[in-house]
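Remarks on the structure that follows.
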Amino acid sequence: MKKILDSIWILISAFALIAGCKTETPQTQKSQPPAAAQPTQAEPTTAGYRGTVVDVINSGGYTYVQVDTGSGKIWAAANQFEVKAGDQVMVPQGLPMENFHSKTLNRTFDTIYFVSAITVAGADKTAVQTPEGHPDVSQGHTAPSSHAPSVVDFPGLKKAEGGKTVAEIYAEKNSLSGKNVTVRGKVVKFTPAIMGKNWLHLQDGTGDQGTLDMTITTDGTAKIGDTVLVSGVLAVNKDFGAGYQYDVIIEDAKLTVE
């Protein structure tokens with residue numbers, strides 16, 4: 001009898017233990033929605049952009065290339081060189097030009113990088129020569145006198161009334177910086193439609209090597225040999241980026257051919 005009672009007590013205890021236990025269920029994890037896709041932009045390396053050429057346009061002494069960097073596409077332009085779609089290229093760091101309109105292509109680029117050279121992998125196809133009629137591109141100061149012919153005659157050329165000579169502008173550049181200056185001289189080089197402006201180089205017979213040639217940007221037109229009167233704001237140590245650097249330059253000048 002005692003054994004039967006002991007067995008019943010054991011069964012009662014076991015049922016009580018089972019009833020007192022709570023079954024733990026694993027907590028359901030809520031699934032997180034995938035992150036929204038972010039628009040890709042081409043990211044430059046410290047040296048510039050690397051990627052695959054997907055489009056090539058040659059015009060006006062330039063080669064325009066569209067490059068797929070893997071994280072986006074960019075347009076870049078350099079002096080004309082040999083390249084084709086599918087080539088791997090390296091585009092150095094350059095100044096991005098927004099809403100640039102090319103007159104020769106009759107096309108506006110949202111953003112384009114003008115650089116001194118674009119290197120094509122596996123071939124000696126680097127653009128190294130400046131095309132005829134283009135402002136010099138260099139990694140440093142652009143010597144103005146490099147644009148001028150070796151001999152220029154200035155018979156009867158008079159200093160502009162209330163103006164300065166080329167030599168005086170160089171000598172007084174620090175005090176004249178940011179101010180309107182007027183100068184008369186002869187056009188020794190004229191280049192139209194570069195970066196949305198016409199570029200000319202003027203001499204008046206004053207100055208020495210490195211200080212005898214004045215660079216001017218303008219909407220006006222002239223031809224080599226014209227005597228012109230120029231008036232505009234003088235900029236000192238002007239850096240347009242991508243190697244375009246000028247010791248002195250008269251910008252957005254009013255140009256009168258005399």
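Scheme for the structure tokens: letters A, B, ... for chains in order shown; per-chain residue numbers from 1; ligand numbers from 1 in order shown.
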Nearby residues (only C-alpha atoms) at most 9 Å from Ser177 of chain A, same-chain spacing under 3 positions excluded, as a PyMOL selection string
chain A and resi 172-174+180+233-236+248
Let's have the selection written as a PDB file, in the first residue's frame, with all heavy atoms.
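File produced: result_35.pdb:
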```pdb
ATOM      1  N   GLU A 172      52.905  97.532 -61.520  1.00  0.00           N
ATOM      2  CA  GLU A 172      51.957  98.008 -60.507  1.00  0.00           C
ATOM      3  C   GLU A 172      50.845  96.999 -60.245  1.00  0.00           C
ATOM      4  O   GLU A 172      49.784  97.342 -59.716  1.00  0.00           O
ATOM      5  CB  GLU A 172      51.348  99.343 -60.967  1.00  0.00           C
ATOM      6  CG  GLU A 172      52.366 100.432 -61.241  1.00  0.00           C
ATOM      7  CD  GLU A 172      51.738 101.650 -61.917  1.00  0.00           C
ATOM      8  OE1 GLU A 172      50.552 101.933 -61.649  1.00  0.00           O
ATOM      9  OE2 GLU A 172      52.437 102.311 -62.717  1.00  0.00           O
ATOM     10  N   LYS A 173      51.068  95.759 -60.589  1.00  0.00           N
ATOM     11  CA  LYS A 173      49.993  94.760 -60.556  1.00  0.00           C
ATOM     12  C   LYS A 173      49.346  94.604 -59.187  1.00  0.00           C
ATOM     13  O   LYS A 173      48.126  94.407 -59.082  1.00  0.00           O
ATOM     14  CB  LYS A 173      50.513  93.417 -61.055  1.00  0.00           C
ATOM     15  CG  LYS A 173      51.597  92.784 -60.178  1.00  0.00           C
ATOM     16  CD  LYS A 173      52.054  91.450 -60.764  1.00  0.00           C
ATOM     17  CE  LYS A 173      53.098  90.788 -59.857  1.00  0.00           C
ATOM     18  NZ  LYS A 173      53.546  89.493 -60.414  1.00  0.00           N
ATOM     19  N   ASN A 174      50.140  94.689 -58.118  1.00  0.00           N
ATOM     20  CA  ASN A 174      49.564  94.485 -56.787  1.00  0.00           C
ATOM     21  C   ASN A 174      48.583  95.595 -56.421  1.00  0.00           C
ATOM     22  O   ASN A 174      47.514  95.332 -55.864  1.00  0.00           O
ATOM     23  CB  ASN A 174      50.671  94.387 -55.740  1.00  0.00           C
ATOM     24  CG  ASN A 174      51.500  93.117 -55.892  1.00  0.00           C
ATOM     25  OD1 ASN A 174      50.998  92.104 -56.362  1.00  0.00           O
ATOM     26  ND2 ASN A 174      52.764  93.180 -55.507  1.00  0.00           N
ATOM     27  N   ASN A 180      39.847  98.458 -62.604  1.00  0.00           N
ATOM     28  CA  ASN A 180      39.734  98.578 -64.052  1.00  0.00           C
ATOM     29  C   ASN A 180      40.988  99.235 -64.620  1.00  0.00           C
ATOM     30  O   ASN A 180      41.461 100.249 -64.099  1.00  0.00           O
ATOM     31  CB  ASN A 180      38.511  99.412 -64.416  1.00  0.00           C
ATOM     32  CG  ASN A 180      38.131  99.268 -65.884  1.00  0.00           C
ATOM     33  OD1 ASN A 180      37.496  98.303 -66.268  1.00  0.00           O
ATOM     34  ND2 ASN A 180      38.532 100.243 -66.697  1.00  0.00           N
ATOM     35  N   VAL A 233      38.889  94.573 -65.916  1.00  0.00           N
ATOM     36  CA  VAL A 233      39.376  94.398 -64.544  1.00  0.00           C
ATOM     37  C   VAL A 233      40.618  93.511 -64.542  1.00  0.00           C
ATOM     38  O   VAL A 233      40.628  92.435 -65.150  1.00  0.00           O
ATOM     39  CB  VAL A 233      38.291  93.784 -63.645  1.00  0.00           C
ATOM     40  CG1 VAL A 233      38.833  93.513 -62.240  1.00  0.00           C
ATOM     41  CG2 VAL A 233      37.082  94.714 -63.570  1.00  0.00           C
ATOM     42  N   LEU A 234      41.649  93.970 -63.842  1.00  0.00           N
ATOM     43  CA  LEU A 234      42.902  93.220 -63.776  1.00  0.00           C
ATOM     44  C   LEU A 234      42.836  92.190 -62.654  1.00  0.00           C
ATOM     45  O   LEU A 234      42.493  92.514 -61.512  1.00  0.00           O
ATOM     46  CB  LEU A 234      44.081  94.162 -63.527  1.00  0.00           C
ATOM     47  CG  LEU A 234      45.462  93.487 -63.521  1.00  0.00           C
ATOM     48  CD1 LEU A 234      45.875  93.115 -64.935  1.00  0.00           C
ATOM     49  CD2 LEU A 234      46.510  94.384 -62.874  1.00  0.00           C
ATOM     50  N   ALA A 235      43.167  90.950 -62.981  1.00  0.00           N
ATOM     51  CA  ALA A 235      43.277  89.880 -61.976  1.00  0.00           C
ATOM     52  C   ALA A 235      44.739  89.478 -61.871  1.00  0.00           C
ATOM     53  O   ALA A 235      45.453  89.412 -62.873  1.00  0.00           O
ATOM     54  CB  ALA A 235      42.422  88.687 -62.363  1.00  0.00           C
ATOM     55  N   VAL A 236      45.178  89.206 -60.672  1.00  0.00           N
ATOM     56  CA  VAL A 236      46.571  88.839 -60.403  1.00  0.00           C
ATOM     57  C   VAL A 236      46.618  87.411 -59.870  1.00  0.00           C
ATOM     58  O   VAL A 236      45.785  87.012 -59.048  1.00  0.00           O
ATOM     59  CB  VAL A 236      47.197  89.817 -59.386  1.00  0.00           C
ATOM     60  CG1 VAL A 236      48.610  89.361 -59.003  1.00  0.00           C
ATOM     61  CG2 VAL A 236      47.224  91.225 -59.960  1.00  0.00           C
ATOM     62  N   VAL A 248      49.212  87.893 -64.566  1.00  0.00           N
ATOM     63  CA  VAL A 248      48.244  88.980 -64.701  1.00  0.00           C
ATOM     64  C   VAL A 248      47.342  88.675 -65.893  1.00  0.00           C
ATOM     65  O   VAL A 248      47.776  88.079 -66.879  1.00  0.00           O
ATOM     66  CB  VAL A 248      48.915  90.360 -64.890  1.00  0.00           C
ATOM     67  CG1 VAL A 248      49.683  90.781 -63.658  1.00  0.00           C
ATOM     68  CG2 VAL A 248      49.830  90.352 -66.109  1.00  0.00           C
TER      69      VAL A 248
END
```
Item to complete: Between atom CA of Pro192 of chain A and atom CA of Ala76 of chain A, measure the distance and give it in Å to one decimal.
Response: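 Those two atoms sit 20.3 Å apart.
Comparing A:Val91, A:Glu161, A:Trp75, A:Ser175 by their smallest distance to Asp55 of chain A, the closest is A:Trp75 (using only C-alpha atoms).
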- Distance criterion (only C-alpha atoms): nearest to Leu229 of chain A out of A:Thr111, A:Thr215, A:Thr119, A:Thr182: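 Going through A:Thr111, A:Thr215, A:Thr119, A:Thr182 one by one, the smallest distance to Leu229 of chain A is for A:Thr182.
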Practice prompt. Write out as an MDAnalysis selection string each polymer residue whose atoms come within 10 Å of Asp219 of chain A, counting only C-alpha atoms; drop sequence neighbours fewer than 3 positions from it.
Written response: chainID A and resid 192:193 196:199 252:255
C-alpha atoms of the current selection, written as a PDB file, in the first residue's frame:
```pdb
ATOM      1  CA  PRO A 192      38.073  82.452 -80.104  1.00  0.00           C
ATOM      2  CA  ALA A 193      35.605  80.421 -78.036  1.00  0.00           C
ATOM      3  CA  GLY A 196      33.117  80.574 -73.331  1.00  0.00           C
ATOM      4  CA  LYS A 197      35.425  83.530 -74.036  1.00  0.00           C
ATOM      5  CA  ASN A 198      37.696  84.959 -76.721  1.00  0.00           C
ATOM      6  CA  TRP A 199      41.357  85.169 -75.721  1.00  0.00           C
ATOM      7  CA  ASP A 252      35.857  90.349 -69.584  1.00  0.00           C
ATOM      8  CA  ALA A 253      37.381  93.372 -71.256  1.00  0.00           C
ATOM      9  CA  LYS A 254      35.735  95.887 -73.522  1.00  0.00           C
ATOM     10  CA  LEU A 255      37.600  95.718 -76.818  1.00  0.00           C
TER      11      LEU A 255
END
```
Mind listing the strand (DSSP E) residues of segment 60-226 of chain A, per DSSP on the backbone, as a PyMOL selection string? chain A and resi 62-68+73-79+88-92+95-102+107-114+119-120+180-194+197-203+214-218
